[in-house]
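What follows is a set of notes on a single structure, which appears directly below.
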Amino acid sequence: MTRPAVVQSDQVVTRPGVVRPAQVVTRPGVVRPDQVGYAQLSTADPTRWRATGTAWAGLLDPTRRRATELADDAAALRSQWSGLAATAAEKQVSDLRVELLALAPVAIEIDQVLAEFAARLTAARARLAAAVTLAASVGVLIDRWGRTSPDPSRVPAHRAVQTVAPVTTALRDALDLATAADREAADRLDQLTADAESGWLSRPPADRPAPHSDPAQVNRWWSGLSPAQRRWLVGHEPELIGGLDGIPAAARDQANRLLLEVRRAALLQRWEELLARMPRGPAEMVGLRSVEAALSGLDALTSRLASPDAPRAYLLGLDVGGEGRTVVALGNPDRAASILTHVPGTTSGLHDATDDLGRAARVLSRCADLAPGQETSAVLWLDYDAPDFLHEAAWDRQAHAAGDALHRFQEGLRATHDGPAARQTVLGHSYGSLVVGGAARDHGLAADALVFVGSPGVGVQHAADLGVPAGQVWASRAPDDVIRLTRSPGELARHAVLSLSPAAGIVGLLTGDDDKLWFGRDPVEASFGGRSFPSGRYGHSGYWHPDNPALDGMARIVLGR
């Protein structure tokens, strides 16, 4: 297994991952043998590493197919051959099949390692580009070794040191990040190589966390297991591992990807059962359309999971029951400095999950534009039964039912995060804003900021009731968003009575409560006590339009700017 190195194939290396000392100069007069060099980082191509990881993940399907063939071969042996030799042959085939299946999560793990290396390399190159831009703007020259000096035609001698120093620091930050990424990826791949020699799998002790356990306790249990025990659990109990908050994103992704075929088979079985019913009435036809939409959505999601496009998608949850639920992260949230959790609203389901994921991706892309050297992750959290129709969305039952799950998920992000705590932002759109508000009110949310867009009210009368830091409750509503018409039930009842009077229109205008929506005080209004950011006229679902200032606002909140 080859260690990562940001050097290209035509550069000289003394051993994998380490360049010759003569190539590395981070600042004048200092040589560090294990440091990534300026020229290396300038020419490194993160997409090559991402494509290599995707190729490893692509081994998953052929590996499983071969394991199935071996199971069929073993069955054929049993039917045609008996005796000691037959038993020995069957055991050998069975052992080979077990080894093949054990490789499946490892292939995904290698993909994760290389994707995360590519992501950090991309961030390092962005920092390098920013340093080069800074140098050009202030009159600092950078040679091919990354050494800096003042341009004598632009920088007076008495200002040379203070002009060059910020550029040198920015270059060093970029090279340090690339070096750290290179070392870490190489160490992780070395560990996989060592594990291959010592044994991939080891059965863990019998104790298991119960579903819906406290994420911090789950994380302590997981941390106490060896890598071989964790791989055993991913391969043998993916249903448990894939759904437990407090398990790191990488392991949940491995487990849930192993279940993709099982989930699709469950949908196909439901479709066949509905198709077989005779006579086929309206209920069956509605059911068939629902299953077909879920299958289409699952196939679209599977395609995104297999894509070499950055950022890599992590499948943190998948349930094909009902309308379907899923939790998908773009970029590994356990490694990000900022994390957005996006909670969609009415009619959301597996059938259009990639559309909602695309909205989260647009915020992530704008974050990259604003802070190109920072690692950020965006999560689509669709782990609740969203209302299908307006009459369902008129009640808070489904939002209330989702609260505890969203609370646990956010606590899990805190528990599994590597390094300093990330800035966590939770965004709710439409009915999703009620989910977020209700969860914050009833359970508390591990969040540094809350964002509500296109909200019908969030279930509280004041921002202070949401339990997040002061000044970190944000809202936006487009001028042409129809959600502004969702007045409170009390106001609607009053207007119904007033409609009996000829003066109803005048009285309504004089006494109407403009800051009340269906589920509480309007979070955009000053009386709510939060902060607002502008949106253009893009309707109820247009907050993520590239030209909408709301997109920029969301990204700045995620970054803490």
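Ordering of the structure tokens sets the chain letters (A, B, ...), residue numbers begin anew at 1 in every chain, and ligands are numbered from 1 in the order given.
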
Spatial neighbours of Leu427 in chain A, 10 Å, only C-alpha atoms, chain gap at least 6 places, as an MDAnalysis selection string: chainID A and resid 340:344 360 380:381 433 435:437 449:453 474:475 554 558

With all heavy atoms retained, could you export that selection as a compact mmCIF listing (two decimals), in the first residue's frame?
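Saved result, result09.txt, follows:
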# COMPACT_ATOMS: atom_id res chain seq x y z
N LEU A 340 -22.44 22.57 9.26
CA LEU A 340 -23.83 22.97 9.06
C LEU A 340 -24.71 21.73 9.07
O LEU A 340 -24.45 20.77 8.33
CB LEU A 340 -24.00 23.69 7.73
CG LEU A 340 -25.44 23.90 7.24
CD1 LEU A 340 -26.17 24.87 8.16
CD2 LEU A 340 -25.47 24.38 5.80
N THR A 341 -25.74 21.73 9.89
CA THR A 341 -26.77 20.68 9.85
C THR A 341 -28.02 21.30 9.23
O THR A 341 -28.61 22.23 9.79
CB THR A 341 -27.10 20.15 11.25
OG1 THR A 341 -25.90 19.61 11.84
CG2 THR A 341 -28.15 19.04 11.18
N HIS A 342 -28.42 20.78 8.07
CA HIS A 342 -29.54 21.33 7.30
C HIS A 342 -30.76 20.44 7.50
O HIS A 342 -30.72 19.25 7.19
CB HIS A 342 -29.15 21.38 5.82
CG HIS A 342 -30.26 21.77 4.90
ND1 HIS A 342 -30.38 23.04 4.39
CD2 HIS A 342 -31.31 21.07 4.39
CE1 HIS A 342 -31.44 23.09 3.61
NE2 HIS A 342 -32.02 21.91 3.59
N VAL A 343 -31.84 21.00 8.03
CA VAL A 343 -33.07 20.26 8.30
C VAL A 343 -34.15 20.76 7.32
O VAL A 343 -34.62 21.89 7.43
CB VAL A 343 -33.55 20.45 9.75
CG1 VAL A 343 -34.81 19.62 10.01
CG2 VAL A 343 -32.44 20.08 10.73
N PRO A 344 -34.55 19.93 6.34
CA PRO A 344 -35.53 20.37 5.35
C PRO A 344 -36.95 20.28 5.89
O PRO A 344 -37.18 19.78 7.00
CB PRO A 344 -35.31 19.39 4.20
CG PRO A 344 -34.86 18.13 4.87
CD PRO A 344 -34.06 18.58 6.07
N ALA A 360 -27.58 22.08 0.67
CA ALA A 360 -26.49 22.10 1.65
C ALA A 360 -25.15 22.27 0.96
O ALA A 360 -24.26 22.98 1.45
CB ALA A 360 -26.52 20.82 2.49
N LEU A 380 -27.00 16.93 5.58
CA LEU A 380 -28.45 16.87 5.39
C LEU A 380 -29.01 15.95 6.46
O LEU A 380 -28.70 14.75 6.47
CB LEU A 380 -28.79 16.34 4.00
CG LEU A 380 -30.27 15.95 3.80
CD1 LEU A 380 -31.17 17.17 3.93
CD2 LEU A 380 -30.47 15.25 2.47
N TRP A 381 -29.81 16.52 7.36
CA TRP A 381 -30.42 15.70 8.42
C TRP A 381 -31.91 15.53 8.09
O TRP A 381 -32.73 16.40 8.34
CB TRP A 381 -30.26 16.36 9.79
CG TRP A 381 -30.66 15.46 10.92
CD1 TRP A 381 -29.91 14.52 11.55
CD2 TRP A 381 -31.96 15.41 11.56
NE1 TRP A 381 -30.63 13.88 12.53
CE2 TRP A 381 -31.90 14.40 12.55
CE3 TRP A 381 -33.15 16.10 11.37
CZ2 TRP A 381 -32.98 14.09 13.37
CZ3 TRP A 381 -34.24 15.78 12.17
CH2 TRP A 381 -34.15 14.79 13.17
N SER A 433 -37.76 24.46 10.21
CA SER A 433 -37.44 25.46 11.23
C SER A 433 -38.20 25.18 12.53
O SER A 433 -37.71 25.44 13.62
CB SER A 433 -37.73 26.86 10.73
OG SER A 433 -39.12 27.07 10.54
N VAL A 435 -38.99 22.11 13.47
CA VAL A 435 -38.25 20.96 14.02
C VAL A 435 -37.07 21.46 14.85
O VAL A 435 -36.84 21.03 15.98
CB VAL A 435 -37.77 20.03 12.90
CG1 VAL A 435 -36.87 18.93 13.46
CG2 VAL A 435 -38.95 19.42 12.15
N VAL A 436 -36.30 22.39 14.27
CA VAL A 436 -35.11 22.91 14.95
C VAL A 436 -35.51 23.69 16.21
O VAL A 436 -34.93 23.49 17.29
CB VAL A 436 -34.30 23.81 13.99
CG1 VAL A 436 -33.15 24.48 14.73
CG2 VAL A 436 -33.77 22.98 12.82
N GLY A 437 -36.50 24.57 16.07
CA GLY A 437 -36.93 25.35 17.22
C GLY A 437 -37.47 24.49 18.34
O GLY A 437 -37.15 24.70 19.52
N ALA A 449 -25.06 28.31 16.63
CA ALA A 449 -25.95 29.25 15.93
C ALA A 449 -27.13 28.48 15.37
O ALA A 449 -27.00 27.31 14.99
CB ALA A 449 -25.21 29.98 14.81
N LEU A 450 -28.28 29.13 15.32
CA LEU A 450 -29.48 28.58 14.68
C LEU A 450 -29.89 29.52 13.56
O LEU A 450 -29.82 30.75 13.70
CB LEU A 450 -30.64 28.45 15.68
CG LEU A 450 -30.41 27.56 16.91
CD1 LEU A 450 -31.68 27.54 17.77
CD2 LEU A 450 -30.03 26.15 16.50
N VAL A 451 -30.32 28.94 12.44
CA VAL A 451 -30.74 29.73 11.28
C VAL A 451 -32.11 29.23 10.83
O VAL A 451 -32.31 28.01 10.67
CB VAL A 451 -29.73 29.60 10.12
CG1 VAL A 451 -30.17 30.47 8.94
CG2 VAL A 451 -28.33 29.97 10.58
N PHE A 452 -33.03 30.17 10.60
CA PHE A 452 -34.37 29.83 10.13
C PHE A 452 -34.63 30.57 8.82
O PHE A 452 -34.50 31.79 8.76
CB PHE A 452 -35.43 30.23 11.16
CG PHE A 452 -35.18 29.67 12.53
CD1 PHE A 452 -34.90 30.51 13.60
CD2 PHE A 452 -35.23 28.31 12.77
CE1 PHE A 452 -34.67 30.01 14.87
CE2 PHE A 452 -35.00 27.78 14.03
CZ PHE A 452 -34.72 28.63 15.09
N VAL A 453 -34.96 29.83 7.77
CA VAL A 453 -35.29 30.47 6.49
C VAL A 453 -36.66 29.97 6.04
O VAL A 453 -36.98 28.80 6.15
CB VAL A 453 -34.22 30.17 5.41
CG1 VAL A 453 -32.91 30.87 5.74
CG2 VAL A 453 -33.99 28.69 5.20
N TRP A 474 -30.63 33.50 13.90
CA TRP A 474 -30.73 34.24 12.65
C TRP A 474 -31.96 33.79 11.86
O TRP A 474 -32.36 32.63 11.96
CB TRP A 474 -29.49 34.02 11.79
CG TRP A 474 -28.21 34.48 12.39
CD1 TRP A 474 -27.43 33.83 13.31
CD2 TRP A 474 -27.55 35.72 12.12
NE1 TRP A 474 -26.33 34.57 13.62
CE2 TRP A 474 -26.37 35.74 12.90
CE3 TRP A 474 -27.83 36.80 11.29
CZ2 TRP A 474 -25.48 36.80 12.88
CZ3 TRP A 474 -26.94 37.85 11.26
CH2 TRP A 474 -25.78 37.86 12.05
N ALA A 475 -32.50 34.71 11.06
CA ALA A 475 -33.65 34.36 10.22
C ALA A 475 -33.66 35.19 8.96
O ALA A 475 -33.13 36.32 8.92
CB ALA A 475 -34.96 34.57 10.99
N MET A 554 -26.08 32.81 4.84
CA MET A 554 -26.00 31.51 5.50
C MET A 554 -24.56 31.06 5.65
O MET A 554 -24.15 30.54 6.71
CB MET A 554 -26.82 30.48 4.71
CG MET A 554 -28.32 30.68 4.82
SD MET A 554 -29.30 29.40 3.98
CE MET A 554 -29.24 29.96 2.27
N VAL A 558 -22.40 30.20 9.12
CA VAL A 558 -21.75 28.91 9.34
C VAL A 558 -20.28 29.12 9.72
O VAL A 558 -19.75 28.44 10.61
CB VAL A 558 -21.85 28.03 8.07
CG1 VAL A 558 -20.96 26.80 8.19
CG2 VAL A 558 -23.30 27.61 7.84

Could you pull the residues within 7 Å of Ala399 in chain A, counting only C-alpha atoms, minus those fewer than 2 positions along the same chain, as a short mmCIF file (atom, residue, chain, number, x, y, z; two decimals) with N, CA and C atoms, in the first residue's frame?
data_model
loop_
_atom_site.label_atom_id
_atom_site.label_comp_id
_atom_site.auth_asym_id
_atom_site.auth_seq_id
_atom_site.Cartn_x
_atom_site.Cartn_y
_atom_site.Cartn_z
N ASP A 396 -47.86 20.49 14.87
CA ASP A 396 -46.45 20.34 15.27
C ASP A 396 -46.10 18.92 15.69
N ARG A 397 -47.02 17.96 15.46
CA ARG A 397 -46.79 16.58 15.94
C ARG A 397 -45.50 16.00 15.39
N ALA A 401 -42.03 15.01 17.39
CA ALA A 401 -41.48 13.65 17.38
C ALA A 401 -40.02 13.63 16.95
N ALA A 402 -39.59 14.64 16.17
CA ALA A 402 -38.23 14.66 15.65
C ALA A 402 -37.22 15.24 16.64
N GLY A 403 -37.70 15.92 17.65
CA GLY A 403 -36.82 16.71 18.51
C GLY A 403 -35.72 15.93 19.18
N LEU A 434 -39.41 24.63 12.41
CA LEU A 434 -40.16 24.25 13.60
C LEU A 434 -39.51 23.04 14.27
N VAL A 435 -38.99 22.11 13.47
CA VAL A 435 -38.25 20.96 14.02
C VAL A 435 -37.07 21.46 14.85
N GLY A 438 -38.30 23.49 17.99
CA GLY A 438 -38.85 22.61 19.01
C GLY A 438 -37.79 21.78 19.70
#

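Using only C-alpha atoms, the smallest distance between any of A:Leu364, A:Val320, A:Ala336, A:Ala393 and Ala265 in chain A comes from A:Val320.
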
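Comparing the minimum interatomic distances between Ala71 in chain A and each of A:Ser296, A:Gln410, A:Ser94, A:Thr302, counting only C-alpha atoms, we find that A:Ser94 sits nearest.
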
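The shortest atom-to-atom distance to Leu70 in chain A, with only C-alpha atoms taken into account, belongs to A:Glu99 out of A:Glu99, A:Asp352, A:Asp143, A:Asp190.
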
Those in range 285-426 of chain A with alpha helix (DSSP H) from DSSP, as a PyMOL selection string: chain A and resi 285-306+353-370+390-393+397-416
